[in-house]
Amino acid sequence: MPRVLVLCYHAVSEAWPAATSVKPEHFEAQLESLVRAGWRGATLRDALTSPRHELTLAVTFDDAHRSVLELAYPVLARLGIPASVFVPTDYPGSGRPMAWDGYDTWIGGPHEAELLCLSWDELRGLRDEGWEIGAHTCSHPRLTAVSDEQLARELAGSRERCEEEMRERCLSLAYPYGDHDERVVAAARDAGYAFACTVPRRAAEPLPLRWPRVGVYHGEGAGELQLRIARRARSVRGLAPAHLAAGAAARLRRARRG
Ligand SMILES: [Zn+2]
């Protein structure tokens with residue numbers, strides 16, 4: 001049965017010392033070492049529904065930082081790895097830095113430009129290169145803390161915006177901060193997602209709407225990452241629609257048809 005490994009990155013930057021920012025040379029070394037070890041890339045959607053390689057690697061990026069296009073894309077293109085980007089849909093084209101809790105400390109400093117989001121045009125360009133554009137809510141709240149109404153609005157609103165802009169089905173979601181509970185997972189299912197990603201601190205049971213990714217953070221070398229992922233790759237045959245919630249399965253079938 002194929003093994004699937006899903007990595008969670010955010011930004012790639014030479015200078016930005018944020019926990020969510022990985023240096024370009026570390027990023028390149030990490031991906032090169034995985035390819036040398038036999039891993040082959042796929043989008044999250046393809047990795048979970050039809051993994052084509054014994055060792056299938058899904059590289060994901062939360063927040064759609066500009067550096068994903070500028071510094072990560074060239075490395076991934078050279079290695080033949082498509083990726084999935086999760087977009088907080090209030091931000092592309094807004095000109096506003098992503099200043100939510102945790103990123104707000106960088107506002108007004110020398111690294112503020114790292115908080116700019118890719119534009120919809122740039123995201124369409126990545127989609128045209130075989131990447132998957134998924135949703136990351138509209139405004140990036142902690143979903144377990146918002147009302148039922150806001151939860152539904154954040155989840156459905158970001159999916160609809162992605163579909164409008166990309167003109168294709170949006171099946172995948174990443175929970176901001178990985179923050180989720182039973183209520184949030186049920187709302188993601190109701191909003192029509194087939195897949196949703198978390199970032200647990202340790203190994204967790206993989207479920208389509210609670211898929212555990214391995215987070216990669218500042219200062220981590222390729223060797224350290226290899227050690228961590230050896231314990232975290234998951235065996236999947238490819239999730240048949242029967243494994244998904246009814247609404248999500250129907251969306252997935254429609255997406256496959258066209
Ligand atoms: Zn995020």
# chains A, B, ... in the order shown; residues from 1 in each chain; ligands from 1
$ select_by_dssp --residues "region 15-252 of chain A" --states "helix (DSSP H, G or I)" --output "ChimeraX atom specification"
/A:24-36,44-49,66-79,104-106,112-115,120-128,143-145,148-166,176-178,182-190,222-230,241-243,246-252
$ closest_atom_pairs --of "region 53-121 of chain A" --to "region 196-219 of chain A" --cutoff "10 Å" --atoms "only C-alpha atoms" --output "JSON lines"
{"residue": "A:Ala58", "atom": "CA", "partner": "A:Arg213", "partner_atom": "CA", "distance": 9.3}
{"residue": "A:Val59", "atom": "CA", "partner": "A:Arg213", "partner_atom": "CA", "distance": 9.4}
{"residue": "A:Thr60", "atom": "CA", "partner": "A:Arg213", "partner_atom": "CA", "distance": 8.7}
{"residue": "A:Phe61", "atom": "CA", "partner": "A:Gly215", "partner_atom": "CA", "distance": 9.9}
{"residue": "A:Phe86", "atom": "CA", "partner": "A:Cys197", "partner_atom": "CA", "distance": 9.9}
$ write_last_selection --atoms "N, CA, C and O atoms" --output "mmCIF file, in the first residue's frame"
data_model
loop_
_atom_site.group_PDB
_atom_site.id
_atom_site.type_symbol
_atom_site.label_atom_id
_atom_site.label_comp_id
_atom_site.auth_asym_id
_atom_site.auth_seq_id
_atom_site.Cartn_x
_atom_site.Cartn_y
_atom_site.Cartn_z
ATOM 1 N N ALA A 58 3.145 14.939 -0.367
ATOM 2 C CA ALA A 58 2.324 16.128 -0.637
ATOM 3 C C ALA A 58 2.931 17.293 0.140
ATOM 4 O O ALA A 58 2.955 17.287 1.370
ATOM 5 N N VAL A 59 3.435 18.279 -0.603
ATOM 6 C CA VAL A 59 3.984 19.489 0.009
ATOM 7 C C VAL A 59 2.856 20.509 0.073
ATOM 8 O O VAL A 59 2.208 20.781 -0.939
ATOM 9 N N THR A 60 2.583 21.047 1.259
ATOM 10 C CA THR A 60 1.524 22.055 1.387
ATOM 11 C C THR A 60 2.100 23.332 2.005
ATOM 12 O O THR A 60 3.068 23.280 2.762
ATOM 13 N N PHE A 61 1.479 24.455 1.637
ATOM 14 C CA PHE A 61 1.871 25.764 2.173
ATOM 15 C C PHE A 61 0.633 26.458 2.724
ATOM 16 O O PHE A 61 -0.340 26.657 1.993
ATOM 17 N N PHE A 86 -2.816 26.836 0.672
ATOM 18 C CA PHE A 86 -4.067 27.143 1.367
ATOM 19 C C PHE A 86 -4.158 28.644 1.602
ATOM 20 O O PHE A 86 -3.326 29.219 2.297
#
$ residues_around --residues "Gly80 (chain A)" --least-positions-apart "3" --cutoff "9 Å" --atoms "only C-alpha atoms" --output "MDAnalysis selection string"
chainID A and resid 40:41 75:77
$ residues_around --residues "Glu32 (chain A)" --least-positions-apart "4" --cutoff "10 Å" --atoms "only C-alpha atoms" --output "short mmCIF file (atom, residue, chain, number, x, y, z; two decimals) with all heavy atoms, in the first residue's frame"
data_model
loop_
_atom_site.label_atom_id
_atom_site.label_comp_id
_atom_site.auth_asym_id
_atom_site.auth_seq_id
_atom_site.Cartn_x
_atom_site.Cartn_y
_atom_site.Cartn_z
N HIS A 26 17.65 25.35 3.39
CA HIS A 26 17.08 24.23 4.14
C HIS A 26 15.93 23.60 3.35
O HIS A 26 15.81 22.37 3.28
CB HIS A 26 16.57 24.70 5.50
CG HIS A 26 17.67 24.99 6.47
ND1 HIS A 26 17.49 25.71 7.62
CD2 HIS A 26 18.98 24.66 6.46
CE1 HIS A 26 18.63 25.81 8.29
NE2 HIS A 26 19.55 25.19 7.59
N PHE A 27 15.08 24.47 2.78
CA PHE A 27 13.95 23.97 2.00
C PHE A 27 14.45 23.07 0.87
O PHE A 27 13.97 21.94 0.68
CB PHE A 27 13.17 25.16 1.43
CG PHE A 27 11.97 24.77 0.62
CD1 PHE A 27 10.81 24.34 1.23
CD2 PHE A 27 12.02 24.83 -0.77
CE1 PHE A 27 9.71 23.96 0.48
CE2 PHE A 27 10.91 24.46 -1.53
CZ PHE A 27 9.76 24.03 -0.90
N GLU A 28 15.43 23.58 0.14
CA GLU A 28 15.95 22.81 -1.00
C GLU A 28 16.57 21.49 -0.53
O GLU A 28 16.32 20.43 -1.13
CB GLU A 28 16.99 23.66 -1.74
CG GLU A 28 17.45 23.06 -3.04
CD GLU A 28 18.15 24.09 -3.92
OE1 GLU A 28 18.70 25.07 -3.37
OE2 GLU A 28 18.15 23.91 -5.15
N ARG A 36 15.65 11.99 -3.13
CA ARG A 36 16.71 10.95 -3.15
C ARG A 36 16.25 9.69 -2.43
O ARG A 36 16.61 8.58 -2.80
CB ARG A 36 17.98 11.48 -2.46
CG ARG A 36 18.98 12.11 -3.41
CD ARG A 36 20.38 12.17 -2.79
NE ARG A 36 20.38 12.80 -1.48
CZ ARG A 36 20.42 14.13 -1.29
NH1 ARG A 36 20.49 14.94 -2.33
NH2 ARG A 36 20.40 14.63 -0.08
N ALA A 37 15.42 9.85 -1.40
CA ALA A 37 14.94 8.70 -0.64
C ALA A 37 13.77 8.01 -1.34
O ALA A 37 13.22 7.03 -0.83
CB ALA A 37 14.52 9.14 0.76
N GLY A 38 13.36 8.52 -2.51
CA GLY A 38 12.34 7.84 -3.30
C GLY A 38 10.96 8.45 -3.27
O GLY A 38 10.03 7.93 -3.89
N TRP A 39 10.79 9.58 -2.53
CA TRP A 39 9.47 10.21 -2.47
C TRP A 39 9.18 10.94 -3.76
O TRP A 39 10.07 11.57 -4.34
CB TRP A 39 9.40 11.17 -1.29
CG TRP A 39 9.46 10.48 0.03
CD1 TRP A 39 10.59 10.20 0.75
CD2 TRP A 39 8.36 9.95 0.77
NE1 TRP A 39 10.25 9.54 1.90
CE2 TRP A 39 8.89 9.37 1.94
CE3 TRP A 39 6.98 9.91 0.56
CZ2 TRP A 39 8.10 8.75 2.90
CZ3 TRP A 39 6.18 9.30 1.52
CH2 TRP A 39 6.73 8.73 2.67
N VAL A 75 12.31 25.69 -6.82
CA VAL A 75 12.91 24.44 -6.32
C VAL A 75 11.99 23.26 -6.64
O VAL A 75 12.42 22.22 -7.14
CB VAL A 75 13.14 24.53 -4.79
CG1 VAL A 75 13.57 23.19 -4.22
CG2 VAL A 75 14.15 25.63 -4.48
N LEU A 76 10.70 23.45 -6.36
CA LEU A 76 9.75 22.35 -6.57
C LEU A 76 9.60 22.04 -8.06
O LEU A 76 9.49 20.87 -8.45
CB LEU A 76 8.40 22.71 -5.94
CG LEU A 76 8.44 22.82 -4.41
CD1 LEU A 76 7.12 23.36 -3.88
CD2 LEU A 76 8.73 21.46 -3.78
N LEU A 79 12.39 19.92 -9.20
CA LEU A 79 12.31 18.55 -8.69
C LEU A 79 11.05 17.83 -9.18
O LEU A 79 10.83 16.66 -8.85
CB LEU A 79 12.33 18.57 -7.15
CG LEU A 79 13.63 19.08 -6.51
CD1 LEU A 79 13.47 19.23 -5.00
CD2 LEU A 79 14.79 18.14 -6.83
N ALA A 222 17.79 19.08 6.90
CA ALA A 222 17.20 17.94 6.18
C ALA A 222 17.28 16.67 7.03
O ALA A 222 16.35 15.86 7.05
CB ALA A 222 17.92 17.75 4.84
#
$ residues_near_ligand --ligand "ligand 1" --cutoff "6 Å" --atoms "only C-alpha atoms and all ligand atoms" --output "list of chain:residue names"
A:Asp62, A:Asp63, A:Pro176, A:Tyr177
$ select_by_dssp --residues "region 103-252 of chain A" --states "strand (DSSP E)" --output "PyMOL selection string"
chain A and resi 132-135+172-174+195-198+211-212+214-215+234-235
$ residues_around --residues "Leu71 (chain A)" --least-positions-apart "5" --cutoff "12 Å" --atoms "only C-alpha atoms" --output "list in words"
His10, Ala11, Val12, Ser13, Glu14, Ser21, Val22, Lys23, Pro24, Glu25, His26, Phe27, Glu28, His65, Arg66, Leu76, Ala77, Arg78 and Glu114 of chain A
$ write_last_selection --atoms "N, CA and C atoms" --output "mmCIF file, in the first residue's frame"
data_model
loop_
_atom_site.group_PDB
_atom_site.id
_atom_site.type_symbol
_atom_site.label_atom_id
_atom_site.label_comp_id
_atom_site.auth_asym_id
_atom_site.auth_seq_id
_atom_site.Cartn_x
_atom_site.Cartn_y
_atom_site.Cartn_z
ATOM 1 N N HIS A 10 5.108 27.145 5.524
ATOM 2 C CA HIS A 10 4.468 28.458 5.403
ATOM 3 C C HIS A 10 5.317 29.292 4.445
ATOM 4 N N ALA A 11 6.255 30.082 4.994
ATOM 5 C CA ALA A 11 7.089 30.961 4.172
ATOM 6 C C ALA A 11 8.473 30.348 3.955
ATOM 7 N N VAL A 12 9.157 30.841 2.911
ATOM 8 C CA VAL A 12 10.563 30.506 2.665
ATOM 9 C C VAL A 12 11.307 31.838 2.564
ATOM 10 N N SER A 13 12.295 32.042 3.408
ATOM 11 C CA SER A 13 12.970 33.350 3.423
ATOM 12 C C SER A 13 14.390 33.215 3.947
ATOM 13 N N GLU A 14 15.292 33.976 3.324
ATOM 14 C CA GLU A 14 16.690 33.998 3.773
ATOM 15 C C GLU A 14 16.790 34.698 5.131
ATOM 16 N N SER A 21 9.002 30.345 9.023
ATOM 17 C CA SER A 21 9.794 30.668 7.843
ATOM 18 C C SER A 21 11.005 29.738 7.765
ATOM 19 N N VAL A 22 11.175 29.103 6.623
ATOM 20 C CA VAL A 22 12.266 28.145 6.411
ATOM 21 C C VAL A 22 13.259 28.768 5.445
ATOM 22 N N LYS A 23 14.543 28.659 5.718
ATOM 23 C CA LYS A 23 15.555 29.223 4.823
ATOM 24 C C LYS A 23 15.561 28.475 3.496
ATOM 25 N N PRO A 24 15.820 29.195 2.381
ATOM 26 C CA PRO A 24 15.799 28.550 1.068
ATOM 27 C C PRO A 24 16.726 27.336 0.986
ATOM 28 N N GLU A 25 17.917 27.441 1.589
ATOM 29 C CA GLU A 25 18.846 26.300 1.473
ATOM 30 C C GLU A 25 18.348 25.096 2.273
ATOM 31 N N HIS A 26 17.652 25.349 3.387
ATOM 32 C CA HIS A 26 17.081 24.226 4.138
ATOM 33 C C HIS A 26 15.930 23.599 3.354
ATOM 34 N N PHE A 27 15.081 24.474 2.781
ATOM 35 C CA PHE A 27 13.952 23.970 1.998
ATOM 36 C C PHE A 27 14.448 23.069 0.865
ATOM 37 N N GLU A 28 15.435 23.576 0.137
ATOM 38 C CA GLU A 28 15.954 22.812 -0.999
ATOM 39 C C GLU A 28 16.569 21.486 -0.535
ATOM 40 N N HIS A 65 1.991 32.873 1.268
ATOM 41 C CA HIS A 65 3.022 33.927 1.281
ATOM 42 C C HIS A 65 3.616 34.109 -0.119
ATOM 43 N N ARG A 66 4.020 35.355 -0.432
ATOM 44 C CA ARG A 66 4.624 35.623 -1.740
ATOM 45 C C ARG A 66 5.879 34.785 -1.967
ATOM 46 N N LEU A 76 10.704 23.448 -6.361
ATOM 47 C CA LEU A 76 9.749 22.352 -6.568
ATOM 48 C C LEU A 76 9.601 22.041 -8.060
ATOM 49 N N ALA A 77 9.610 23.082 -8.896
ATOM 50 C CA ALA A 77 9.491 22.854 -10.349
ATOM 51 C C ALA A 77 10.683 22.042 -10.835
ATOM 52 N N ARG A 78 11.878 22.383 -10.355
ATOM 53 C CA ARG A 78 13.081 21.645 -10.775
ATOM 54 C C ARG A 78 12.989 20.181 -10.350
ATOM 55 N N GLU A 114 7.137 40.196 4.219
ATOM 56 C CA GLU A 114 6.966 38.736 4.195
ATOM 57 C C GLU A 114 5.501 38.349 4.429
#
$ residues_around --residues "region 134-149 of chain A" --least-positions-apart "2" --cutoff "7 Å" --atoms "only C-alpha atoms" --output "ChimeraX atom specification"
/A:84-90,132,151-155,157-159,162,170-177,179-181,184
$ residues_around --residues "Ala113 (chain A)" --least-positions-apart "6" --cutoff "10 Å" --atoms "only C-alpha atoms" --output "PyMOL selection string"
chain A and resi 16+65-67+96-98+106-107
$ write_last_selection --atoms "C-alpha atoms" --output "PDB file, in the first residue's frame"
ATOM      1  CA  TRP A  16      12.878  36.322   8.198  1.00  0.00           C
ATOM      2  CA  HIS A  65       3.022  33.927   1.281  1.00  0.00           C
ATOM      3  CA  ARG A  66       4.624  35.623  -1.740  1.00  0.00           C
ATOM      4  CA  SER A  67       7.833  33.733  -1.036  1.00  0.00           C
ATOM      5  CA  ARG A  96      -2.935  44.237   3.413  1.00  0.00           C
ATOM      6  CA  PRO A  97      -0.273  42.231   5.236  1.00  0.00           C
ATOM      7  CA  MET A  98      -1.508  39.090   6.981  1.00  0.00           C
ATOM      8  CA  TRP A 106       6.147  41.617  12.507  1.00  0.00           C
ATOM      9  CA  ILE A 107       4.032  44.613  11.432  1.00  0.00           C
TER      10      ILE A 107
END
$ atom_distance --atom1 "CA of Asp104 (chain A)" --atom2 "CA of Thr20 (chain A)"
13.4 Å
$ closest_residue --among "A:Arg45, A:Leu34, A:Glu129, A:Gly108" --to "Tyr193 (chain A)" --atoms "only C-alpha atoms"
A:Arg45
$ atom_distance --atom1 "CA of Leu48 (chain A)" --atom2 "CA of Glu122 (chain A)"
25.3 Å
$ closest_residue --among "A:Arg189, A:Arg3, A:Arg169, A:Arg183" --to "Ala255 (chain A)" --atoms "only C-alpha atoms"
A:Arg169
$ atom_distance --atom1 "CA of Gly102 (chain A)" --atom2 "CA of Cys8 (chain A)"
17.0 Å
$ closest_residue --among "A:Val4, A:Val185, A:Val68, A:Ala15" --to "Pro110 (chain A)" --atoms "only C-alpha atoms"
A:Ala15
$ closest_residue --among "A:Ile133, A:Ala248, A:Ala29, A:Val236" --to "Met1 (chain A)" --atoms "only C-alpha atoms"
A:Val236
$ decode --residues "region 42-53 of chain A" --atoms "all heavy atoms" --output "PDB file, in the first residue's frame"
ATOM      1  N   ALA A  42       2.876  14.953  -5.196  1.00  0.00           N
ATOM      2  CA  ALA A  42       1.488  15.029  -5.671  1.00  0.00           C
ATOM      3  C   ALA A  42       0.811  16.133  -4.869  1.00  0.00           C
ATOM      4  O   ALA A  42       1.263  16.479  -3.786  1.00  0.00           O
ATOM      5  CB  ALA A  42       0.754  13.708  -5.445  1.00  0.00           C
ATOM      6  N   THR A  43      -0.269  16.676  -5.421  1.00  0.00           N
ATOM      7  CA  THR A  43      -1.059  17.597  -4.598  1.00  0.00           C
ATOM      8  C   THR A  43      -1.714  16.793  -3.476  1.00  0.00           C
ATOM      9  O   THR A  43      -1.810  15.564  -3.549  1.00  0.00           O
ATOM     10  CB  THR A  43      -2.170  18.267  -5.423  1.00  0.00           C
ATOM     11  OG1 THR A  43      -3.047  17.236  -5.912  1.00  0.00           O
ATOM     12  CG2 THR A  43      -1.591  19.057  -6.594  1.00  0.00           C
ATOM     13  N   LEU A  44      -2.175  17.492  -2.450  1.00  0.00           N
ATOM     14  CA  LEU A  44      -2.842  16.793  -1.349  1.00  0.00           C
ATOM     15  C   LEU A  44      -4.027  15.972  -1.874  1.00  0.00           C
ATOM     16  O   LEU A  44      -4.193  14.801  -1.525  1.00  0.00           O
ATOM     17  CB  LEU A  44      -3.341  17.815  -0.324  1.00  0.00           C
ATOM     18  CG  LEU A  44      -4.106  17.175   0.827  1.00  0.00           C
ATOM     19  CD1 LEU A  44      -3.150  16.596   1.848  1.00  0.00           C
ATOM     20  CD2 LEU A  44      -5.061  18.158   1.480  1.00  0.00           C
ATOM     21  N   ARG A  45      -4.835  16.612  -2.733  1.00  0.00           N
ATOM     22  CA  ARG A  45      -6.027  15.940  -3.264  1.00  0.00           C
ATOM     23  C   ARG A  45      -5.639  14.639  -3.977  1.00  0.00           C
ATOM     24  O   ARG A  45      -6.216  13.585  -3.734  1.00  0.00           O
ATOM     25  CB  ARG A  45      -6.728  16.892  -4.234  1.00  0.00           C
ATOM     26  CG  ARG A  45      -7.931  16.333  -4.945  1.00  0.00           C
ATOM     27  CD  ARG A  45      -8.458  17.349  -5.947  1.00  0.00           C
ATOM     28  NE  ARG A  45      -7.411  17.764  -6.871  1.00  0.00           N
ATOM     29  CZ  ARG A  45      -7.407  18.924  -7.531  1.00  0.00           C
ATOM     30  NH1 ARG A  45      -8.388  19.777  -7.384  1.00  0.00           N
ATOM     31  NH2 ARG A  45      -6.434  19.211  -8.356  1.00  0.00           N
ATOM     32  N   ASP A  46      -4.637  14.715  -4.833  1.00  0.00           N
ATOM     33  CA  ASP A  46      -4.234  13.515  -5.572  1.00  0.00           C
ATOM     34  C   ASP A  46      -3.567  12.494  -4.655  1.00  0.00           C
ATOM     35  O   ASP A  46      -3.740  11.282  -4.835  1.00  0.00           O
ATOM     36  CB  ASP A  46      -3.293  13.884  -6.722  1.00  0.00           C
ATOM     37  CG  ASP A  46      -4.017  14.665  -7.811  1.00  0.00           C
ATOM     38  OD1 ASP A  46      -5.265  14.685  -7.799  1.00  0.00           O
ATOM     39  OD2 ASP A  46      -3.328  15.259  -8.667  1.00  0.00           O
ATOM     40  N   ALA A  47      -2.811  12.964  -3.687  1.00  0.00           N
ATOM     41  CA  ALA A  47      -2.131  12.043  -2.773  1.00  0.00           C
ATOM     42  C   ALA A  47      -3.138  11.231  -1.964  1.00  0.00           C
ATOM     43  O   ALA A  47      -2.931  10.048  -1.697  1.00  0.00           O
ATOM     44  CB  ALA A  47      -1.217  12.815  -1.824  1.00  0.00           C
ATOM     45  N   LEU A  48      -4.251  11.860  -1.592  1.00  0.00           N
ATOM     46  CA  LEU A  48      -5.215  11.158  -0.737  1.00  0.00           C
ATOM     47  C   LEU A  48      -6.234  10.352  -1.535  1.00  0.00           C
ATOM     48  O   LEU A  48      -6.835   9.423  -1.002  1.00  0.00           O
ATOM     49  CB  LEU A  48      -5.940  12.156   0.183  1.00  0.00           C
ATOM     50  CG  LEU A  48      -5.039  12.899   1.171  1.00  0.00           C
ATOM     51  CD1 LEU A  48      -5.877  13.629   2.209  1.00  0.00           C
ATOM     52  CD2 LEU A  48      -4.052  11.966   1.860  1.00  0.00           C
ATOM     53  N   THR A  49      -6.440  10.711  -2.801  1.00  0.00           N
ATOM     54  CA  THR A  49      -7.440   9.956  -3.573  1.00  0.00           C
ATOM     55  C   THR A  49      -6.813   8.941  -4.519  1.00  0.00           C
ATOM     56  O   THR A  49      -7.378   7.889  -4.750  1.00  0.00           O
ATOM     57  CB  THR A  49      -8.334  10.902  -4.400  1.00  0.00           C
ATOM     58  OG1 THR A  49      -7.507  11.765  -5.178  1.00  0.00           O
ATOM     59  CG2 THR A  49      -9.223  11.723  -3.503  1.00  0.00           C
ATOM     60  N   SER A  50      -5.654   9.258  -5.064  1.00  0.00           N
ATOM     61  CA  SER A  50      -5.062   8.334  -6.034  1.00  0.00           C
ATOM     62  C   SER A  50      -3.533   8.428  -5.987  1.00  0.00           C
ATOM     63  O   SER A  50      -2.911   8.881  -6.941  1.00  0.00           O
ATOM     64  CB  SER A  50      -5.565   8.656  -7.448  1.00  0.00           C
ATOM     65  OG  SER A  50      -5.381  10.048  -7.722  1.00  0.00           O
ATOM     66  N   PRO A  51      -2.932   8.005  -4.861  1.00  0.00           N
ATOM     67  CA  PRO A  51      -1.472   8.058  -4.773  1.00  0.00           C
ATOM     68  C   PRO A  51      -0.857   7.141  -5.826  1.00  0.00           C
ATOM     69  O   PRO A  51      -1.189   5.965  -5.894  1.00  0.00           O
ATOM     70  CB  PRO A  51      -1.190   7.570  -3.345  1.00  0.00           C
ATOM     71  CG  PRO A  51      -2.406   6.816  -2.940  1.00  0.00           C
ATOM     72  CD  PRO A  51      -3.554   7.397  -3.682  1.00  0.00           C
ATOM     73  N   ARG A  52       0.013   7.716  -6.669  1.00  0.00           N
ATOM     74  CA  ARG A  52       0.523   6.943  -7.802  1.00  0.00           C
ATOM     75  C   ARG A  52       1.899   6.340  -7.543  1.00  0.00           C
ATOM     76  O   ARG A  52       2.414   5.612  -8.364  1.00  0.00           O
ATOM     77  CB  ARG A  52       0.570   7.825  -9.052  1.00  0.00           C
ATOM     78  CG  ARG A  52      -0.825   8.083  -9.606  1.00  0.00           C
ATOM     79  CD  ARG A  52      -0.770   8.710 -10.954  1.00  0.00           C
ATOM     80  NE  ARG A  52      -0.192  10.038 -10.872  1.00  0.00           N
ATOM     81  CZ  ARG A  52       0.361  10.677 -11.894  1.00  0.00           C
ATOM     82  NH1 ARG A  52       0.415  10.114 -13.063  1.00  0.00           N
ATOM     83  NH2 ARG A  52       0.856  11.891 -11.740  1.00  0.00           N
ATOM     84  N   HIS A  53       2.486   6.690  -6.406  1.00  0.00           N
ATOM     85  CA  HIS A  53       3.828   6.193  -6.109  1.00  0.00           C
ATOM     86  C   HIS A  53       3.823   5.500  -4.753  1.00  0.00           C
ATOM     87  O   HIS A  53       3.041   5.852  -3.878  1.00  0.00           O
ATOM     88  CB  HIS A  53       4.830   7.348  -6.102  1.00  0.00           C
ATOM     89  CG  HIS A  53       4.843   8.101  -7.393  1.00  0.00           C
ATOM     90  ND1 HIS A  53       5.469   7.618  -8.522  1.00  0.00           N
ATOM     91  CD2 HIS A  53       4.280   9.272  -7.748  1.00  0.00           C
ATOM     92  CE1 HIS A  53       5.295   8.480  -9.522  1.00  0.00           C
ATOM     93  NE2 HIS A  53       4.571   9.485  -9.082  1.00  0.00           N
TER      94      HIS A  53
END
